[in-house]
file target_9.txt (compact mmCIF, C-alpha atoms)
# COMPACT_ATOMS: atom_id res chain seq x y z
CA MET A 19 53.65 110.13 73.04
CA GLU A 20 56.02 110.12 75.96
CA ASN A 21 57.67 106.86 76.89
CA PHE A 22 57.63 106.67 80.71
CA ASP A 23 59.64 103.40 80.85
CA GLN A 24 62.89 105.01 79.91
CA PRO A 25 65.00 107.49 81.94
CA ILE A 26 64.20 111.17 81.50
CA ASP A 27 67.60 112.08 80.06
CA MET A 28 67.59 109.37 77.40
CA GLY A 29 69.26 110.31 74.14
CA MET A 30 71.10 113.22 75.65
CA ALA A 31 74.89 113.36 75.53
CA PRO A 32 76.72 111.87 78.50
CA SER A 33 77.36 114.60 81.05
CA MET A 34 80.55 116.03 79.65
CA ASP A 35 79.85 119.47 81.04
CA ASP A 36 81.53 118.71 84.34
CA SER A 37 84.96 118.17 82.79
CA LEU A 38 87.12 120.11 80.40
CA ARG A 39 86.93 118.87 76.83
CA ILE A 40 89.81 118.57 74.42
CA THR A 41 88.18 120.00 71.32
CA PRO A 42 89.73 120.00 67.81
CA GLU A 43 90.51 123.72 68.35
CA VAL A 44 92.55 122.89 71.49
CA ARG A 45 94.34 120.11 69.63
CA GLN A 46 95.26 122.56 66.87
CA TYR A 47 96.65 125.04 69.42
CA TRP A 48 98.66 122.24 71.08
CA LYS A 49 100.02 121.14 67.70
CA GLU A 50 101.19 124.68 66.83
CA THR A 51 102.63 125.26 70.30
CA SER A 52 104.63 122.02 70.13
CA ALA A 53 105.99 123.03 66.67
CA TRP A 54 107.32 126.32 68.09
CA ALA A 55 108.67 124.48 71.14
CA LEU A 56 110.62 122.20 68.80
CA PHE A 57 112.03 125.28 67.01
CA PHE A 58 113.23 126.73 70.34
CA ALA A 59 114.63 123.36 71.41
CA ILE A 60 116.67 123.07 68.20
CA LEU A 61 117.95 126.64 68.57
CA LEU A 62 118.96 126.04 72.18
CA PHE A 63 120.67 122.76 71.25
CA ILE A 64 122.65 124.59 68.52
CA VAL A 65 123.77 127.27 70.99
CA PHE A 66 124.58 124.53 73.53
CA GLY A 67 126.72 122.82 70.88
CA LEU A 68 128.57 126.04 70.04
CA VAL A 69 129.20 126.84 73.71
CA SER A 70 130.41 123.28 74.34
CA LEU A 71 132.81 123.58 71.40
CA ALA A 72 134.14 126.85 72.79
CA GLY A 73 134.48 125.25 76.22
CA ILE A 74 136.33 122.23 74.83
CA PHE A 75 138.62 124.57 72.88
CA LEU A 76 139.36 126.45 76.11
CA LEU A 77 139.98 123.18 77.93
CA PHE A 78 142.67 121.98 75.56
CA ALA A 79 144.14 125.13 74.11
CA GLY A 80 143.97 127.55 77.02
CA GLY A 81 146.58 126.20 79.41
CA VAL A 82 145.85 125.81 83.11
CA SER A 83 143.58 128.85 83.46
CA GLY A 84 141.91 127.87 80.21
CA PHE A 85 141.32 124.41 81.59
CA ILE A 86 139.55 125.72 84.67
CA SER A 87 137.51 128.31 82.80
CA GLY A 88 136.71 125.69 80.15
CA ILE A 89 135.26 123.41 82.80
CA PHE A 90 133.24 126.31 84.23
CA VAL A 91 131.95 127.31 80.80
CA ILE A 92 130.84 123.81 79.90
CA ALA A 93 129.39 123.04 83.33
CA ILE A 94 127.47 126.26 83.90
CA TYR A 95 126.41 127.35 80.43
CA GLY A 96 125.99 123.74 79.35
CA VAL A 97 123.55 122.96 82.14
CA PHE A 98 121.71 126.28 81.65
CA LEU A 99 121.22 125.55 77.97
CA PHE A 100 120.85 121.78 77.81
CA PHE A 101 117.99 121.12 80.21
CA PRO A 102 115.52 123.72 78.87
CA ALA A 103 116.25 122.49 75.35
CA TYR A 104 115.80 118.87 76.42
CA PHE A 105 112.48 119.52 78.23
CA TYR A 106 111.13 121.54 75.30
CA PHE A 107 112.18 118.78 72.90
CA LEU A 108 110.49 116.09 75.01
CA PHE A 109 107.32 118.21 75.33
CA SER A 110 107.19 118.78 71.60
CA SER A 111 107.86 115.21 70.46
CA GLN A 112 105.57 113.64 73.07
CA MET A 113 102.75 116.09 72.29
CA LYS A 114 103.03 115.39 68.56
CA GLN A 115 102.99 111.64 69.13
CA ALA A 116 100.13 111.85 71.64
CA LEU A 117 97.97 113.82 69.22
CA ASN A 118 98.73 111.40 66.38
CA THR A 119 98.17 108.20 68.36
CA GLU A 120 95.48 109.43 70.82
CA ASN A 121 97.78 108.34 73.66
CA ARG A 122 96.74 109.88 76.99
CA VAL A 123 99.87 108.69 78.82
CA LEU A 124 102.10 110.49 76.32
CA LEU A 125 99.97 113.62 76.59
CA ASP A 126 100.39 113.51 80.38
CA LEU A 127 104.14 113.09 79.97
CA ALA A 128 104.29 116.00 77.53
CA PHE A 129 102.73 118.34 80.08
CA VAL A 130 105.02 116.98 82.82
CA ASN A 131 108.01 117.97 80.67
CA LEU A 132 106.51 121.40 79.97
CA LYS A 133 106.12 121.88 83.72
CA ARG A 134 109.72 120.74 84.25
CA PHE A 135 110.89 123.32 81.67
CA TYR A 136 109.03 126.12 83.41
CA ARG A 137 110.29 125.04 86.86
CA PHE A 138 113.91 124.78 85.72
CA VAL A 139 113.94 128.13 83.92
CA GLY A 140 112.01 129.72 86.79
CA ILE A 141 114.53 128.62 89.42
CA LEU A 142 117.39 129.62 87.09
CA LEU A 143 115.89 133.09 86.66
CA ILE A 144 115.40 133.52 90.41
CA VAL A 145 119.05 132.60 91.03
CA LEU A 146 120.30 134.92 88.25
CA VAL A 147 118.15 137.85 89.38
CA ALA A 148 119.28 137.34 92.99
CA LEU A 149 122.93 137.20 91.88
CA GLY A 150 122.40 140.29 89.73
CA ILE A 151 120.89 142.27 92.58
CA PHE A 152 123.68 141.08 94.89
CA ALA A 153 126.37 142.11 92.38
CA PHE A 154 124.62 145.46 91.83
CA LEU A 155 124.60 146.10 95.59
CA ILE A 156 128.27 145.15 95.97
CA PHE A 157 129.15 147.39 93.02
CA GLY A 158 127.07 150.19 94.45
CA VAL A 159 128.67 149.89 97.90
CA ALA A 160 132.15 149.81 96.35
CA LEU A 161 131.38 152.94 94.32
CA LEU A 162 130.04 154.73 97.38
CA ASN A 163 133.05 153.80 99.46
CA ASN A 164 135.73 154.71 96.95
CA GLY A 165 133.90 157.31 94.91
CA PRO A 166 134.64 157.95 91.24
CA SER A 167 137.82 159.81 92.07
CA GLY A 168 139.10 157.56 94.85
CA TYR A 169 142.54 156.00 94.45
CA MET B 15 69.84 101.97 69.15
CA SER B 16 69.53 105.69 68.68
CA ILE B 17 71.03 106.18 72.17
CA LEU B 18 74.18 104.34 71.14
CA ASP B 19 74.42 106.36 67.92
CA ASP B 20 73.95 109.60 69.86
CA THR B 21 76.65 108.64 72.38
CA LEU B 22 79.01 107.67 69.59
CA ALA B 23 78.31 110.87 67.65
CA HIS B 24 78.98 113.05 70.70
CA SER B 25 82.11 111.14 71.66
CA MET B 26 83.50 111.50 68.14
CA ASP B 27 83.17 115.27 68.56
CA SER B 28 85.67 115.29 71.41
CA ASN B 29 88.08 112.66 69.96
CA THR B 30 87.92 110.03 72.68
CA GLY B 31 91.25 108.67 73.89
CA LEU B 32 92.49 112.08 74.94
CA THR B 33 90.83 113.39 78.05
CA VAL B 34 91.81 115.85 80.73
CA THR B 35 93.14 114.03 83.79
CA SER B 36 93.78 115.37 87.28
CA THR B 37 97.55 114.87 86.79
CA MET B 38 97.41 117.13 83.75
CA GLN B 39 95.45 119.72 85.70
CA ARG B 40 98.01 119.69 88.52
CA ASN B 41 100.85 120.12 86.01
CA TRP B 42 98.96 122.95 84.29
CA MET B 43 98.45 124.75 87.62
CA THR B 44 102.19 124.55 88.40
CA THR B 45 103.05 125.66 84.86
CA SER B 46 100.63 128.57 85.07
CA LYS B 47 102.18 129.82 88.34
CA TRP B 48 105.63 129.88 86.78
CA ALA B 49 104.21 131.45 83.60
CA MET B 50 102.69 134.25 85.68
CA PHE B 51 106.06 134.76 87.39
CA PHE B 52 107.80 135.02 83.99
CA ALA B 53 105.18 137.43 82.69
CA ILE B 54 105.51 139.71 85.74
CA LEU B 55 109.32 139.63 85.49
CA GLY B 56 108.95 140.48 81.79
CA PHE B 57 106.72 143.48 82.52
CA ILE B 58 109.19 144.72 85.16
CA TRP B 59 112.00 144.36 82.61
CA ILE B 60 109.98 146.32 80.03
CA GLY B 61 109.39 149.09 82.57
CA LEU B 62 113.08 149.25 83.44
CA SER B 63 114.02 149.28 79.71
CA LEU B 64 111.68 152.20 79.04
CA LEU B 65 113.10 154.10 82.02
CA SER B 66 116.72 153.50 81.00
CA MET B 67 115.90 154.30 77.36
CA GLY B 68 114.40 157.61 78.41
CA SER B 69 117.37 158.53 80.59
CA MET B 70 119.89 157.42 77.93
CA ALA B 71 118.14 159.47 75.27
CA SER B 72 118.30 162.62 77.38
CA ALA B 73 121.94 161.89 78.34
CA MET B 74 122.84 161.48 74.66
CA GLN B 75 121.11 164.73 73.79
CA MET B 76 123.02 166.53 76.55
CA MET B 77 126.33 165.08 75.32
CA GLN B 78 125.49 166.10 71.77
CA MET B 79 124.71 169.68 72.83
CA MET B 80 127.89 169.96 74.90
CA SER B 81 130.31 168.38 72.42
CA GLY B 82 129.57 170.66 69.46
CA ASP B 83 131.34 169.46 66.30
CA ASN B 84 132.33 165.96 67.46
CA PRO B 85 131.50 163.65 64.50
CA VAL B 86 130.87 160.61 66.69
CA PHE B 87 128.13 162.34 68.64
CA ALA B 88 126.75 163.82 65.44
CA MET B 89 126.36 160.28 64.13
CA TYR B 90 124.66 159.23 67.37
CA GLY B 91 122.37 162.21 67.04
CA ALA B 92 121.38 161.20 63.53
CA LEU B 93 120.77 157.60 64.54
CA MET B 94 118.86 158.41 67.76
CA PRO B 95 115.36 158.67 66.20
CA TYR B 96 115.82 155.30 64.44
CA MET B 97 117.21 153.67 67.58
CA THR B 98 114.32 155.04 69.60
CA ILE B 99 111.73 153.76 67.12
CA LEU B 100 113.43 150.35 66.95
CA THR B 101 113.56 150.12 70.74
CA LEU B 102 109.91 151.13 71.04
CA ILE B 103 108.88 148.48 68.52
CA THR B 104 110.91 145.85 70.40
CA VAL B 105 109.35 146.93 73.69
CA ALA B 106 105.85 146.73 72.15
CA VAL B 107 106.51 143.22 70.84
CA MET B 108 107.91 142.11 74.19
CA PHE B 109 104.86 143.58 75.91
CA PHE B 110 102.57 141.37 73.82
CA ILE B 111 104.76 138.30 74.42
CA HIS B 112 104.42 138.70 78.19
CA PHE B 113 100.76 139.76 77.92
CA PHE B 114 99.80 136.52 76.11
CA HIS B 115 101.83 134.54 78.65
CA LEU B 116 99.96 136.22 81.52
CA ARG B 117 96.60 135.58 79.79
CA PHE B 118 97.52 131.90 79.43
CA ALA B 119 98.33 131.68 83.14
CA THR B 120 95.13 133.40 84.33
CA GLN B 121 92.84 131.61 81.87
CA ILE B 122 94.16 128.11 82.58
CA GLN B 123 93.76 128.71 86.32
CA ARG B 124 90.19 129.88 85.71
CA ALA B 125 89.50 126.90 83.50
CA ILE B 126 90.75 124.41 86.10
CA ASN B 127 89.14 126.10 89.12
CA PHE B 128 85.73 126.70 87.54
CA THR B 129 85.69 124.00 84.80
CA ASP B 130 85.32 126.81 82.27
CA GLN B 131 85.59 125.37 78.76
CA THR B 132 85.82 128.82 77.11
CA ALA B 133 88.69 129.84 79.38
CA PHE B 134 90.36 126.48 78.67
CA VAL B 135 90.34 127.06 74.91
CA ASP B 136 91.34 130.74 75.38
CA ALA B 137 94.30 129.73 77.55
CA TRP B 138 95.82 127.47 74.92
CA ARG B 139 95.17 130.05 72.19
CA ASN B 140 97.07 132.63 74.28
CA LEU B 141 99.96 130.23 74.87
CA ARG B 142 100.10 129.52 71.13
CA ASN B 143 100.16 133.26 70.41
CA HIS B 144 102.91 133.73 73.02
CA PHE B 145 105.06 131.05 71.39
CA ARG B 146 104.28 132.37 67.91
CA ILE B 147 105.28 135.99 68.60
CA TYR B 148 108.35 134.88 70.57
CA GLY B 149 109.37 132.61 67.70
CA ILE B 150 108.87 135.29 65.05
CA LEU B 151 110.85 137.80 67.16
CA VAL B 152 113.72 135.30 67.53
CA CYS B 153 113.72 134.60 63.77
CA VAL B 154 113.78 138.33 62.97
CA LEU B 155 116.62 138.94 65.45
CA LEU B 156 118.61 136.00 64.05
CA VAL B 157 118.27 137.36 60.49
CA PHE B 158 119.09 140.89 61.72
CA TYR B 159 122.23 139.78 63.58
CA GLY B 160 123.19 137.55 60.65
CA ILE B 161 123.04 140.54 58.30
CA ILE B 162 125.06 142.70 60.74
CA LEU B 163 127.65 139.91 61.06
CA VAL B 164 127.94 139.58 57.27
CA VAL B 165 128.25 143.38 56.85
CA MET B 166 130.91 143.56 59.59
CA VAL B 167 132.90 140.66 58.13
CA THR B 168 132.82 142.12 54.60
CA THR B 169 133.80 145.57 55.93
CA VAL B 170 136.76 144.12 57.84
CA ALA B 171 137.75 141.96 54.85
CA SER B 172 137.62 144.86 52.40
CA SER B 173 139.59 147.18 54.74
CA ASN B 174 142.38 144.58 55.02
CA ASN B 175 143.13 144.70 51.29
CA PHE B 176 146.67 145.97 51.60
CA PRO B 177 148.21 146.65 48.20
CA MET B 178 151.18 144.40 47.51
CA GLU B 179 154.21 146.53 46.78
call {"tool": "encode", "arguments": {"input": "target_9.txt", "output": "structure tokens"}}
result
Amino acid sequence: MENFDQPIDMGMAPSMDDSLRITPEVRQYWKETSAWALFFAILLFIVFGLVSLAGIFLLFAGGVSGFISGIFVIAIYGVFLFFPAYFYFLFSSQMKQALNTENRVLLDLAFVNLKRFYRFVGILLIVLVALGIFAFLIFGVALLNNGPSGY
Amino acid sequence: MSILDDTLAHSMDSNTGLTVTSTMQRNWMTTSKWAMFFAILGFIWIGLSLLSMGSMASAMQMMQMMSGDNPVFAMYGALMPYMTILTLITVAVMFFIHFFHLRFATQIQRAINFTDQTAFVDAWRNLRNHFRIYGILVCVLLVFYGIILVVMVTTVASSNNFPME
């Protein structure tokens, strides 16, 4: 017997088909991804530490030229290594916490940091590739001008 | 009463508390564009590596043929097949790393644009695979370089054993 007093879609699930659902499978993938991100973050932090040590050594033990190159090493390599590591670390820790505590704000933050990582490394790559092409062109022009036997 | 139970049962399936917001979707779109850029750069790099590997191999072979009895080039000649195989394996692994990254980028864009749940799950699986292969490759390289470092250090140490006279 049909009950005509109640709405036609009674007892059906709320319309979740018009939004993406975070299923247990997706949560598992996020958990594993954040574990690997933490691994990369730790590796990058270790390399950052080693490079900083080398830079500090250059600063104090290298004399004047060592001082300048030490500053360059720490500033350039340090920045290149620190920020990706930091963003990966934030993404990983916030994702883990968000999944454990069902915290949507933390989940949002985690993805913001992942985006920041990608943006930073992307801009860094563009600059490096541009510099590389520029250096290659300069080198090529110099070779063409002088030739391999030019003195 | 049964309506409430149904709603509760269905909401437990998706673990309420964590839902997809528009901020997340915007961040995912930006991330996916950069991921696609990285993947394309990676494929270009793989192509250039294969080209340079091919030209280096033929250059080495030419040097080997021209130099005759030179022991250094003979050693290179012996090692060449192993180096080629190792490089090919590395290139294959790198191909899959960038392939999974590209799949993540395209699938997450599809998921957001068309509210495609299958693509959404696929995207995160591909990103997980990308991270996994990258991580395993890094671990293998670390172990490999660690072994080479140890071998080099022990070789140098043993060759410095000057007899005390």
call {"tool": "interface_residues", "arguments": {"input": "target_9.txt", "of": "chain A", "to": "chain B", "cutoff": "8 Å", "atoms": "all atoms listed in the file", "output": "ChimeraX atom specification"}}
result
/A:28-32,36-44,47-48,50-51,54-55,57-58,120-122,125-126,129-130,132-133,136-137,140
call {"tool": "closest_residue", "arguments": {"input": "target_9.txt", "among": "A:Gly81, A:Gly150, A:Gly67, A:Gly158", "to": "Gly96 (chain A)", "atoms": "all atoms listed in the file"}}
result
A:Gly67
call {"tool": "axis_aligned_box", "arguments": {"input": "target_9.txt", "around": "region 59-69 of chain B", "padding_each_side": "8 Å", "output": "lines of an AutoDock Vina configuration file"}}
result
center_x = 113.4
center_y = 151.4
center_z = 80.4
size_x = 24.0
size_y = 30.2
size_z = 22.1
call {"tool": "atom_distance", "arguments": {"input": "target_9.txt", "atom1": "CA of Phe63 (chain A)", "atom2": "CA of Phe105 (chain A)"}}
result
11.2 Å
call {"tool": "atom_distance", "arguments": {"input": "target_9.txt", "atom1": "CA of Leu77 (chain A)", "atom2": "CA of Ile94 (chain A)"}}
result
14.2 Å
call {"tool": "residues_around", "arguments": {"input": "target_9.txt", "residues": "Phe113 (chain B)", "least_positions_apart": "6", "cutoff": "10 Å", "atoms": "only C-alpha atoms", "output": "short mmCIF file (atom, residue, chain, number, x, y, z; two decimals) with C-alpha atoms, in the frame of the given file"}}
result
data_model
loop_
_atom_site.label_atom_id
_atom_site.label_comp_id
_atom_site.auth_asym_id
_atom_site.auth_seq_id
_atom_site.Cartn_x
_atom_site.Cartn_y
_atom_site.Cartn_z
CA MET B 50 102.69 134.25 85.68
CA ALA B 53 105.18 137.43 82.69
CA ILE B 54 105.51 139.71 85.74
CA GLY B 56 108.95 140.48 81.79
CA PHE B 57 106.72 143.48 82.52
CA VAL B 107 106.51 143.22 70.84
CA ALA B 119 98.33 131.68 83.14
CA ASN B 140 97.07 132.63 74.28
CA ASN B 143 100.16 133.26 70.41
CA HIS B 144 102.91 133.73 73.02
#
call {"tool": "closest_residue", "arguments": {"input": "target_9.txt", "among": "B:Val157, B:Ala71, B:Val165, B:Leu64", "to": "Ala106 (chain B)", "atoms": "all atoms listed in the file"}}
result
B:Leu64
call {"tool": "atom_distance", "arguments": {"input": "target_9.txt", "atom1": "CA of Ala73 (chain B)", "atom2": "CA of Ile58 (chain B)"}}
result
22.4 Å
call {"tool": "residues_near_point", "arguments": {"input": "target_9.txt", "point": "(119.2, 161.7, 76.1)", "cutoff": "12 Å", "atoms": "all atoms listed in the file", "output": "list of chain:residue names"}}
result
B:Leu65, B:Ser66, B:Met67, B:Gly68, B:Ser69, B:Met70, B:Ala71, B:Ser72, B:Ala73, B:Met74, B:Gln75, B:Met76, B:Met77, B:Gln78, B:Met79, B:Phe87, B:Tyr90, B:Gly91, B:Met94, B:Pro95, B:Met97, B:Thr98
call {"tool": "closest_residue", "arguments": {"input": "target_9.txt", "among": "A:Ala59, A:Ala128, A:Ala93, A:Ala153", "to": "Gly73 (chain A)", "atoms": "all atoms listed in the file"}}
result
A:Ala93
